[in-house]
Amino acid sequence: MAEPSGCFNFVRDVMDRWACKRPDAAALWVVDAPGGNEQKFSFRQLAECSRRAASFFARQGIRRGDQVLVVLPRVPQWWMAMLGLIRLGAVPIPGTSLLTAKDIRFRAESAEAGAIVTDGDGAAKAEDFQGIRIFVNAAGAGTVPAGWVGFDAGLRAADAAFDPEPTRGDEPGIIYFTSGTTGQPKMVVHTQASYGLGHRVTGELWLDLKPGDVLWTISDTGWAKAAWSSFFGPWQMGACVFTLGASGKFGPVTALQTLAQYPITTWCAPPTALRMIVREDLSAWRFPHLRHCVSAGEPLNAEVVNVWKAATGLTIYEGYGQTESVVLVGNFRSLGHEVRPGWMGRATPGFELAVLDEHLREVPDGEEGELAVRIAPRRPLGLFREYWRNPKENAGRFRGDWYLTHDRVIRDTDGYYRFVGRADDVIKSSGYRIGPFEVESALIEHPAVLEAGVVGVPDSVRGQIVKAFVVLRKGFAASDALRAELQNHCKRVTAPYKYPREIEFVESLPKTISGKTRHAELRQRVQL
């Protein structure tokens with residue numbers, strides 16, 4: 001499907017439709033913690049909140065096309081503010097509450113943001129913000145600081161019938177800063193339609209949602225994953241978004257309690273969370289309502305899929321995409337796809353994918369190359385418009401008829417894709433190309449290993465050798481004997497040339513704000 005050139009606005013065309021069709025159906029369900037306080041909002045209530053929020057923002061001087069930072073935890077006001085900005089035609093820029101003052105300043109200046117919506121924690125880090133400052137009482141108490149405008153009281157007093165002019169589908173709709181595994185984060189611009197309409201395939205095919213489903217996604221509001229599975233995807237399908245609120249800290253036991261206690265039908269969790277959850281005693285838990293599990297954000301290790309299915313009978317359906325796209329590759333339950341642990345799945349209908357060499361020529365099935373999306377003669381719906389104000393990055397990513405993902409993959413003869421690594425992360429040793437993910441997966445199959453990060457180390461003979469940074473599980477201690485045991489384990493479960501010749505035991509791995517391992521930082525450590 002091509003991007004529409006006429007009018008499209010996610011709130012007007014999707015949320016308002018559900019508000020008419022299923023007005024009293026639950027659309028948003030926020031729970032403080034398992035068994036704690038909760039708030040529910042119907043589609044009709046959210047539609048009214050979106051009009052009030054749009055009216056409030058307009059009164060503050062925010063106009064269609066203005067860039068607005070939204071830095072809030074998982075509180076209802078995040079969804080209300082996002083809906084109001086989108087209805088108005090302003091361009092929200094979500095950011096996680098983990099952002100520092102320096103991060104907020106960088107984003108505000110790079111995007112020329114004219115307004116910020118945040119809570120007490122964010123306000124303390126945005127004291128030097130020059131623009132419209134909107135304060136959310138996320139904790140439900142406290143006064144509005146001087147120089148800030150209160151969102152909560154403003155929402156209650158705003159016009160519930162406010163109806164701004166409709167937006168075009170090709171107008172800027174949302175901006176995300178990439179997580180920045182290398183270099184400074186880049187501004188990814190999606191149009192009103194590329195996420196608002198494009199995520200229909202995410203909700204329908206990958207999440208397999210229907211009206212009445214309850215979807216819980218473990219995701220921070222500042223990540224693009226929240227747009228995928230806590231906003232556009234589920235609401236395209238008329239499903240209810242469930243979330244643990246700002247006080248609901250992630251923990252494997254808390255996650256299992258939540259799945260057992262609430263009528264969650266569909267669950268999305270990143271591999272980092274799943275790797276901790278499957279270490280628990282899963283035999284002690286039952287999930288009576290859960291029918292569909294998905295994972296994205298990083299490659300999912302086959303061991304995690306197998307352990308979860310053995311304990312629960314449920315398969316985890318992996319999906320692949322980027323901040324720059326909707327789901328591009330997936331194991332689609334709705335299409336009857338067979339899940340092959342360790343493989344991301346097959347191409348999403350509507351996208352033509354290819355595996356290319358450095359000359360943009362397709363490589364044979366079974367050989368490694370860069371995953372690319374065809375953009376000519378027709379640009380697919382669901383792909384971002386551009387890296388804003390970054391012509392160099394645009395020139396490197398949009399080449400010929402293709403958008404280059406910079407991810408290395410292998411495709412088999414059945415059309416299944418396996419992730420090898422980011423282009424910058426692939427290790428070249430003695431003429432072999434080694435994907436860090438495969439070695440990391442082998443390591444975490446060992447009962448002593450909680451997490452692993454693998455990089456290449458310069459070597460005068462082999463060019464590079466494999467080095468692993470390993471976080472051990474509780475009850476295990478670093479030793480030369482364990483190091484040798486892990487090396488022999490990798491030789492058994494992967495090709496012998498892939499084993500890590502160096503292993504360093506560490507307390508933790510460096511992560512991006514979205515929880516991905518920063519391989520670039522690990523590489524910097526070995527070069528010091």
# chains A, B, ... in the order shown; residues from 1 in each chain; ligands from 1
$ select_by_dssp --residues "segment 214-292 of chain A" --states "helix (DSSP H, G or I)" --output "number ranges by chain"
A: 224-236, 252-261, 271-277, 282-284
$ closest_atom_pairs --of "segment 373-469 of chain A" --to "segment 169-180 of chain A" --cutoff "12 Å" --atoms "only C-alpha atoms" --output "tab-separated table"
residue	atom	partner	partner_atom	distance
A:Leu381	CA	A:Asp170	CA	10.6
A:Gly382	CA	A:Asp170	CA	11.7
A:Leu383	CA	A:Asp170	CA	11.8
A:Phe384	CA	A:Ile175	CA	9.6
A:Arg385	CA	A:Pro172	CA	8.4
A:Glu386	CA	A:Ile175	CA	10.1
A:Tyr387	CA	A:Ile175	CA	9.5
A:Trp388	CA	A:Ile175	CA	8.8
$ write_last_selection --atoms "N, CA and C atoms" --output "PDB file, in the first residue's frame"
ATOM      1  N   LEU A 381       4.225   1.878   2.227  1.00  0.00           N
ATOM      2  CA  LEU A 381       3.679   2.507   3.416  1.00  0.00           C
ATOM      3  C   LEU A 381       4.301   1.847   4.645  1.00  0.00           C
ATOM      4  N   GLY A 382       4.701   2.659   5.616  1.00  0.00           N
ATOM      5  CA  GLY A 382       5.301   2.118   6.825  1.00  0.00           C
ATOM      6  C   GLY A 382       6.782   2.388   6.931  1.00  0.00           C
ATOM      7  N   LEU A 383       7.364   3.004   5.902  1.00  0.00           N
ATOM      8  CA  LEU A 383       8.767   3.393   5.950  1.00  0.00           C
ATOM      9  C   LEU A 383       8.854   4.895   6.226  1.00  0.00           C
ATOM     10  N   PHE A 384       9.810   5.287   7.045  1.00  0.00           N
ATOM     11  CA  PHE A 384       9.942   6.689   7.411  1.00  0.00           C
ATOM     12  C   PHE A 384      10.235   7.571   6.190  1.00  0.00           C
ATOM     13  N   ARG A 385      10.075   8.870   6.377  1.00  0.00           N
ATOM     14  CA  ARG A 385      10.288   9.788   5.260  1.00  0.00           C
ATOM     15  C   ARG A 385      11.767  10.097   5.058  1.00  0.00           C
ATOM     16  N   GLU A 386      12.485  10.404   6.172  1.00  0.00           N
ATOM     17  CA  GLU A 386      13.891  10.805   6.041  1.00  0.00           C
ATOM     18  C   GLU A 386      14.528  10.911   7.419  1.00  0.00           C
ATOM     19  N   TYR A 387      15.862  10.970   7.413  1.00  0.00           N
ATOM     20  CA  TYR A 387      16.598  11.441   8.580  1.00  0.00           C
ATOM     21  C   TYR A 387      16.619  12.962   8.482  1.00  0.00           C
ATOM     22  N   TRP A 388      15.954  13.595   9.413  1.00  0.00           N
ATOM     23  CA  TRP A 388      15.755  15.040   9.314  1.00  0.00           C
ATOM     24  C   TRP A 388      17.082  15.774   9.478  1.00  0.00           C
TER      25      TRP A 388
END
$ atom_distance --atom1 "atom CA of Arg525 of chain A" --atom2 "atom CA of Ala495 of chain A"
26.1 Å
$ residues_around --residues "Gly154 of chain A" --least-positions-apart "3" --cutoff "10 Å" --atoms "only C-alpha atoms" --output "ChimeraX atom specification"
/A:52-53,55-57,59-60,134,149-151,157-159
$ write_last_selection --atoms "C-alpha atoms" --output "PDB file, in the first residue's frame"
ATOM      1  CA  ARG A  52      -9.460  18.625  25.065  1.00  0.00           C
ATOM      2  CA  ALA A  53      -5.697  18.115  24.830  1.00  0.00           C
ATOM      3  CA  SER A  55      -7.603  22.532  22.445  1.00  0.00           C
ATOM      4  CA  PHE A  56      -5.321  23.054  25.436  1.00  0.00           C
ATOM      5  CA  PHE A  57      -2.163  22.850  23.317  1.00  0.00           C
ATOM      6  CA  ARG A  59      -4.389  27.793  23.561  1.00  0.00           C
ATOM      7  CA  GLN A  60      -0.752  27.618  24.691  1.00  0.00           C
ATOM      8  CA  ILE A 134       3.848  22.183  30.086  1.00  0.00           C
ATOM      9  CA  VAL A 149       1.591  25.599  32.599  1.00  0.00           C
ATOM     10  CA  GLY A 150      -0.359  22.784  34.253  1.00  0.00           C
ATOM     11  CA  PHE A 151      -1.544  20.112  31.824  1.00  0.00           C
ATOM     12  CA  ALA A 157     -10.987  23.245  31.380  1.00  0.00           C
ATOM     13  CA  ALA A 158     -10.383  22.743  27.647  1.00  0.00           C
ATOM     14  CA  ASP A 159     -12.967  22.502  24.875  1.00  0.00           C
TER      15      ASP A 159
END
$ select_by_dssp --residues "segment 193-237 of chain A" --states "strand (DSSP E or B)" --output "PDB file with N, CA and C atoms, in the first residue's frame"
ATOM      1  N   VAL A 214      -6.517  -7.707  24.908  1.00  0.00           N
ATOM      2  CA  VAL A 214      -5.784  -6.860  25.850  1.00  0.00           C
ATOM      3  C   VAL A 214      -4.298  -7.123  25.639  1.00  0.00           C
ATOM      4  N   LEU A 215      -3.586  -6.095  25.213  1.00  0.00           N
ATOM      5  CA  LEU A 215      -2.165  -6.223  24.880  1.00  0.00           C
ATOM      6  C   LEU A 215      -1.311  -5.517  25.914  1.00  0.00           C
ATOM      7  N   TRP A 216      -0.335  -6.255  26.459  1.00  0.00           N
ATOM      8  CA  TRP A 216       0.651  -5.651  27.346  1.00  0.00           C
ATOM      9  C   TRP A 216       2.008  -5.701  26.670  1.00  0.00           C
ATOM     10  N   THR A 217       2.629  -4.554  26.518  1.00  0.00           N
ATOM     11  CA  THR A 217       3.965  -4.449  25.953  1.00  0.00           C
ATOM     12  C   THR A 217       4.906  -3.887  27.003  1.00  0.00           C
TER      13      THR A 217
END
$ residues_around --residues "segment 330-340 of chain A" --least-positions-apart "2" --cutoff "12 Å" --atoms "only C-alpha atoms" --output "ChimeraX atom specification"
/A:201-210,291-296,299-303,305-306,309,314-321,326-328,342-349,351,412,414-419
$ write_last_selection --atoms "N, CA and C atoms" --output "short mmCIF file (atom, residue, chain, number, x, y, z; two decimals), in the first residue's frame"
data_model
loop_
_atom_site.label_atom_id
_atom_site.label_comp_id
_atom_site.auth_asym_id
_atom_site.auth_seq_id
_atom_site.Cartn_x
_atom_site.Cartn_y
_atom_site.Cartn_z
N VAL A 201 -0.36 -3.25 9.71
CA VAL A 201 0.21 -4.60 9.53
C VAL A 201 0.82 -5.11 10.82
N THR A 202 1.39 -4.21 11.62
CA THR A 202 1.95 -4.61 12.92
C THR A 202 0.85 -5.15 13.81
N GLY A 203 -0.27 -4.41 13.90
CA GLY A 203 -1.36 -4.82 14.77
C GLY A 203 -2.10 -6.04 14.28
N GLU A 204 -2.34 -6.11 12.97
CA GLU A 204 -3.16 -7.19 12.42
C GLU A 204 -2.37 -8.47 12.20
N LEU A 205 -1.20 -8.36 11.59
CA LEU A 205 -0.48 -9.57 11.19
C LEU A 205 0.46 -10.09 12.27
N TRP A 206 1.26 -9.21 12.86
CA TRP A 206 2.25 -9.69 13.82
C TRP A 206 1.67 -9.83 15.22
N LEU A 207 1.00 -8.77 15.71
CA LEU A 207 0.39 -8.84 17.03
C LEU A 207 -0.89 -9.69 17.02
N ASP A 208 -1.46 -9.91 15.83
CA ASP A 208 -2.64 -10.77 15.68
C ASP A 208 -3.78 -10.32 16.58
N LEU A 209 -4.03 -9.01 16.60
CA LEU A 209 -5.02 -8.45 17.51
C LEU A 209 -6.40 -8.35 16.88
N LYS A 210 -7.38 -8.40 17.76
CA LYS A 210 -8.77 -8.22 17.38
C LYS A 210 -9.44 -7.34 18.43
N ARG A 291 -2.75 -15.89 24.93
CA ARG A 291 -2.82 -16.75 23.75
C ARG A 291 -1.71 -16.46 22.74
N HIS A 292 -1.09 -15.27 22.82
CA HIS A 292 -0.13 -14.90 21.78
C HIS A 292 1.01 -14.11 22.41
N CYS A 293 2.26 -14.50 22.10
CA CYS A 293 3.45 -13.84 22.64
C CYS A 293 4.36 -13.42 21.48
N VAL A 294 4.87 -12.21 21.55
CA VAL A 294 5.78 -11.72 20.51
C VAL A 294 6.97 -11.04 21.16
N SER A 295 8.03 -10.88 20.37
CA SER A 295 9.23 -10.23 20.87
C SER A 295 9.91 -9.48 19.72
N ALA A 296 10.52 -8.34 20.05
CA ALA A 296 11.25 -7.55 19.06
C ALA A 296 12.20 -6.63 19.81
N PRO A 299 17.58 -9.44 18.42
CA PRO A 299 17.35 -10.85 18.04
C PRO A 299 17.05 -11.68 19.29
N LEU A 300 16.17 -12.65 19.12
CA LEU A 300 15.76 -13.51 20.22
C LEU A 300 16.50 -14.84 20.13
N ASN A 301 17.11 -15.22 21.23
CA ASN A 301 17.87 -16.48 21.26
C ASN A 301 16.93 -17.68 21.22
N ALA A 302 17.30 -18.69 20.47
CA ALA A 302 16.47 -19.89 20.31
C ALA A 302 16.20 -20.55 21.65
N GLU A 303 17.17 -20.51 22.57
CA GLU A 303 16.98 -21.16 23.86
C GLU A 303 15.79 -20.57 24.60
N VAL A 305 13.08 -19.16 23.34
CA VAL A 305 11.84 -19.63 22.69
C VAL A 305 11.52 -21.04 23.17
N ASN A 306 12.52 -21.91 23.20
CA ASN A 306 12.30 -23.31 23.56
C ASN A 306 11.92 -23.48 25.03
N LYS A 309 8.26 -22.17 25.58
CA LYS A 309 7.24 -23.07 25.03
C LYS A 309 7.13 -24.35 25.85
N LEU A 314 3.24 -22.02 24.89
CA LEU A 314 3.06 -20.86 24.01
C LEU A 314 4.34 -20.58 23.23
N THR A 315 4.17 -20.27 21.97
CA THR A 315 5.30 -19.93 21.11
C THR A 315 5.52 -18.42 21.12
N ILE A 316 6.77 -17.99 21.11
CA ILE A 316 7.08 -16.58 20.99
C ILE A 316 7.34 -16.28 19.51
N TYR A 317 6.57 -15.36 18.96
CA TYR A 317 6.67 -14.99 17.55
C TYR A 317 7.54 -13.75 17.41
N GLU A 318 8.73 -13.94 16.87
CA GLU A 318 9.66 -12.83 16.76
C GLU A 318 9.28 -11.93 15.58
N GLY A 319 9.62 -10.65 15.72
CA GLY A 319 9.43 -9.70 14.64
C GLY A 319 10.64 -8.80 14.53
N TYR A 320 10.86 -8.26 13.35
CA TYR A 320 12.00 -7.37 13.12
C TYR A 320 11.52 -6.10 12.43
N GLY A 321 12.03 -5.00 12.91
CA GLY A 321 11.80 -3.72 12.26
C GLY A 321 12.78 -2.73 12.87
N VAL A 326 7.80 0.10 10.19
CA VAL A 326 6.90 -0.80 10.92
C VAL A 326 7.55 -2.18 10.86
N VAL A 327 6.81 -3.23 11.19
CA VAL A 327 7.38 -4.57 11.16
C VAL A 327 7.73 -4.94 9.71
N LEU A 328 8.98 -5.32 9.47
CA LEU A 328 9.45 -5.67 8.12
C LEU A 328 9.54 -7.17 7.91
N GLY A 342 15.48 -18.87 16.33
CA GLY A 342 16.73 -18.34 15.80
C GLY A 342 16.56 -17.59 14.50
N TRP A 343 15.37 -17.68 13.89
CA TRP A 343 15.09 -16.98 12.63
C TRP A 343 14.02 -15.93 12.89
N MET A 344 14.17 -14.75 12.28
CA MET A 344 13.25 -13.64 12.53
C MET A 344 11.89 -13.84 11.89
N GLY A 345 11.82 -14.65 10.83
CA GLY A 345 10.57 -14.84 10.12
C GLY A 345 10.69 -14.48 8.65
N ARG A 346 9.56 -14.17 8.06
CA ARG A 346 9.51 -13.89 6.62
C ARG A 346 9.08 -12.44 6.39
N ALA A 347 9.21 -11.99 5.15
CA ALA A 347 8.92 -10.59 4.82
C ALA A 347 7.45 -10.27 5.07
N THR A 348 7.20 -9.09 5.60
CA THR A 348 5.84 -8.60 5.80
C THR A 348 5.17 -8.36 4.45
N PRO A 349 3.94 -8.83 4.26
CA PRO A 349 3.24 -8.51 3.01
C PRO A 349 3.21 -7.00 2.76
N PHE A 351 5.93 -5.44 1.57
CA PHE A 351 7.32 -5.02 1.51
C PHE A 351 8.11 -5.99 0.63
N ASP A 412 17.04 -17.94 3.84
CA ASP A 412 17.09 -19.31 3.33
C ASP A 412 16.16 -19.46 2.13
N ASP A 414 13.38 -20.84 1.85
CA ASP A 414 11.96 -20.69 2.16
C ASP A 414 11.58 -19.24 2.45
N GLY A 415 12.54 -18.34 2.36
CA GLY A 415 12.24 -16.93 2.61
C GLY A 415 12.34 -16.50 4.05
N TYR A 416 12.90 -17.33 4.93
CA TYR A 416 13.11 -16.95 6.32
C TYR A 416 14.43 -16.20 6.46
N TYR A 417 14.42 -15.18 7.34
CA TYR A 417 15.60 -14.35 7.55
C TYR A 417 16.20 -14.61 8.92
N ARG A 418 17.53 -14.69 8.96
CA ARG A 418 18.26 -14.83 10.22
C ARG A 418 19.16 -13.63 10.40
N PHE A 419 19.11 -13.04 11.58
CA PHE A 419 19.91 -11.86 11.88
C PHE A 419 21.35 -12.27 12.15
#
$ residues_around --residues "segment 359-375 of chain A" --least-positions-apart "4" --cutoff "8 Å" --atoms "only C-alpha atoms" --output "count of residues only"
22
